[in-house]
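Report on the structure given below.
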Amino acid sequence: MLYFFLNQFLVYCPLIFSGIILVLIILIYLSDFYKKLKIFQKISFKKLAWFLIGATLIFDFGLVLVQYFVWQSNNFSSFFLPPYQPWSYFLSYSFFHFFLADIVSLFLALFFYSIFKVFGKYKAQFISDRELDLLFLASLLIASPKILFFIPLLLFLGVLSSLFNFLVFKKMSISWQRLIILALLLSFLGAGYFLKLIGLGTLFI
């Protein structure tokens, strides 16, 4: 019974946490327009990104501890732990099952952040520092492999927004904040189905 509730906690805790971060992102964005939400301006996208990285790291280490005690409590699985197996076996298992996906997500987020930042240096007012921070945070939150849907969708929305602004307002500016939030919401809702549809469902661990 204990393991059942523990399993439910491990499954739903990341989803609830991601939902809270998503709500905070929306509230920070809306705080630019509504005076009652000004308090959320004290929470920057950069601070949220660091908080997300720290919380993910703590959660992963927590999973390692849970895995160790679960194996230790079972007569069969205890043979996967020292002294029957070297510590390297357990550490290797923990790395590939709990840390690898998050490390890949972090590097992908940094990669796309760097691309947007470099492009922004060559084209003035392409994207602001705040929008870059939001992009990095959103990339971390959506994580791998859904980021492979999120970034192309964001670029597609950027092209549509640019064309609309040019045809209607005769300017090429793009409001990346609202597009990032829109792409993030759409990715949460449909990225998994889309990746499985095009045969990339095996990327989900």
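Here, A, B, ... name the chains of the structure tokens in the order displayed, residue numbers run from 1 inside each chain, and ligands are numbered from 1 in the same displayed order.
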TODO: Mind the document's chain letters and residue numbers, and return as a ChimeraX atom specification the residues of range 10-157 of chain A that DSSP labels helix (DSSP H, G or I).
DONE: /A:10-30,35-42,45-72,77-80,87-122,129-142,147-157
Task: Spatial neighbours of range 63-80 of chain A, max dist 9 Å, only C-alpha atoms, sep filter under 3 positions, as JSON, numbers by chain - done: {"A": [3, 10, 58, 59, 60, 83, 84, 85, 86, 89, 90, 91, 94, 95, 98]}
What would the file look like if the residues just selected were written as an mmCIF file, in the first residue's frame with C-alpha atoms?
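Listed below is the output, result-v1.cif:
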data_model
loop_
_atom_site.group_PDB
_atom_site.id
_atom_site.type_symbol
_atom_site.label_atom_id
_atom_site.label_comp_id
_atom_site.auth_asym_id
_atom_site.auth_seq_id
_atom_site.Cartn_x
_atom_site.Cartn_y
_atom_site.Cartn_z
ATOM 1 C CA TYR A 3 4.503 1.725 -2.499
ATOM 2 C CA LEU A 10 6.118 10.265 -8.006
ATOM 3 C CA ILE A 58 16.332 17.531 -5.764
ATOM 4 C CA PHE A 59 13.521 15.394 -7.203
ATOM 5 C CA ASP A 60 15.988 13.262 -9.186
ATOM 6 C CA PRO A 83 27.872 -6.117 -1.725
ATOM 7 C CA TYR A 84 26.393 -8.292 -4.498
ATOM 8 C CA GLN A 85 26.917 -5.640 -7.175
ATOM 9 C CA PRO A 86 29.414 -2.733 -7.281
ATOM 10 C CA TYR A 89 25.949 -0.552 -11.288
ATOM 11 C CA PHE A 90 23.418 1.286 -9.114
ATOM 12 C CA LEU A 91 24.855 4.709 -9.974
ATOM 13 C CA SER A 94 20.194 5.839 -11.549
ATOM 14 C CA PHE A 95 21.916 8.152 -14.014
ATOM 15 C CA PHE A 98 16.558 9.556 -13.477
#
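Across the structure, CA of Phe136 in chain A and CA of Tyr93 in chain A are spaced 28.4 Å apart.
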TODO: With a distance cut-off of 9 Å and only C-alpha atoms, select the neighbouring residues of Phe45 in chain A, excluding the residue or stretch itself and same-chain residues fewer than 2 positions from it, and output the selection as a ChimeraX atom specification.
DONE: /A:25,28,43,47-50,130-131,133-137
Please dump the current selection as an mmCIF file, in the first residue's frame; keep C-alpha atoms.
data_model
loop_
_atom_site.group_PDB
_atom_site.id
_atom_site.type_symbol
_atom_site.label_atom_id
_atom_site.label_comp_id
_atom_site.auth_asym_id
_atom_site.auth_seq_id
_atom_site.Cartn_x
_atom_site.Cartn_y
_atom_site.Cartn_z
ATOM 1 C CA ILE A 25 4.422 32.139 -16.108
ATOM 2 C CA ILE A 28 3.903 37.115 -14.609
ATOM 3 C CA ILE A 43 9.127 36.793 -9.734
ATOM 4 C CA LYS A 47 14.474 33.108 -11.064
ATOM 5 C CA LEU A 48 11.798 30.594 -12.000
ATOM 6 C CA ALA A 49 14.251 28.838 -14.349
ATOM 7 C CA TRP A 50 16.843 28.472 -11.570
ATOM 8 C CA ARG A 130 13.165 38.902 -20.729
ATOM 9 C CA GLU A 131 11.815 36.974 -23.695
ATOM 10 C CA ASP A 133 14.633 34.086 -20.142
ATOM 11 C CA LEU A 134 11.052 33.004 -20.815
ATOM 12 C CA LEU A 135 12.188 30.908 -23.782
ATOM 13 C CA PHE A 136 14.776 29.144 -21.620
ATOM 14 C CA LEU A 137 12.248 28.550 -18.832
#
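We find CA of Leu154 in chain A and CA of Ala109 in chain A to be spaced 13.5 Å apart.
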Open item on the list: Restricting the calculation to only C-alpha atoms: of A:Phe107, A:Phe40, A:Ser144, A:Leu132, which residue gets closest to Gly120 in chain A?
Closed with: A:Leu132
Could you give me, as a Markdown table, a per-residue list for range 22-53 of chain A showing, wherever an atom lies at most 9 Å from an atom of range 180-188 of chain A, the closest pair of atoms and their distance in Å to one decimal, using only C-alpha atoms and sorting by chain then residue number from low to high?
| residue | atom | partner | partner_atom | distance |
| --- | --- | --- | --- | --- |
| A:Leu22 | CA | A:Leu185 | CA | 8.5 |
| A:Ile25 | CA | A:Ile181 | CA | 7.9 |
| A:Ile26 | CA | A:Ile181 | CA | 7.3 |
| A:Tyr29 | CA | A:Ile181 | CA | 8.9 |
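The residue set within 12 Å of Ser128 in chain A, counting only C-alpha atoms and dropping same-chain residues fewer than 5 places from it, reads Tyr113, Phe116, Lys117, Val118, Phe119, Gly120, Lys121, Lys123, Asp133, Leu134, Leu135, Ser173, Ile174, Ser175, Trp176 and Gln177 of chain A.
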With C-alpha atoms retained, export the selected residues as a tab-separated table (two decimals), in the first residue's frame.
chain	number	residue	atom	x	y	z
A	113	TYR	CA	18.42	29.81	-26.00
A	116	PHE	CA	17.89	32.93	-30.34
A	117	LYS	CA	20.39	35.06	-28.44
A	118	VAL	CA	23.00	34.96	-31.24
A	119	PHE	CA	20.36	35.77	-33.85
A	120	GLY	CA	19.11	38.62	-31.66
A	121	LYS	CA	22.60	40.17	-31.67
A	123	LYS	CA	19.08	41.73	-35.70
A	133	ASP	CA	14.63	34.09	-20.14
A	134	LEU	CA	11.05	33.00	-20.81
A	135	LEU	CA	12.19	30.91	-23.78
A	173	SER	CA	8.07	43.13	-34.84
A	174	ILE	CA	7.22	39.95	-32.96
A	175	SER	CA	5.84	39.69	-29.42
A	176	TRP	CA	7.70	36.55	-28.38
A	177	GLN	CA	6.24	36.40	-24.87
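For the pair CA of Pro14 in chain A and CA of Gly190 in chain A, the separation is 18.0 Å.
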- [ ] Using only C-alpha atoms, find the one residue out of A:Phe112, A:Leu27, A:Ala101, A:Gln125 that sits nearest to Ile151 in chain A.
- [x] A:Phe112
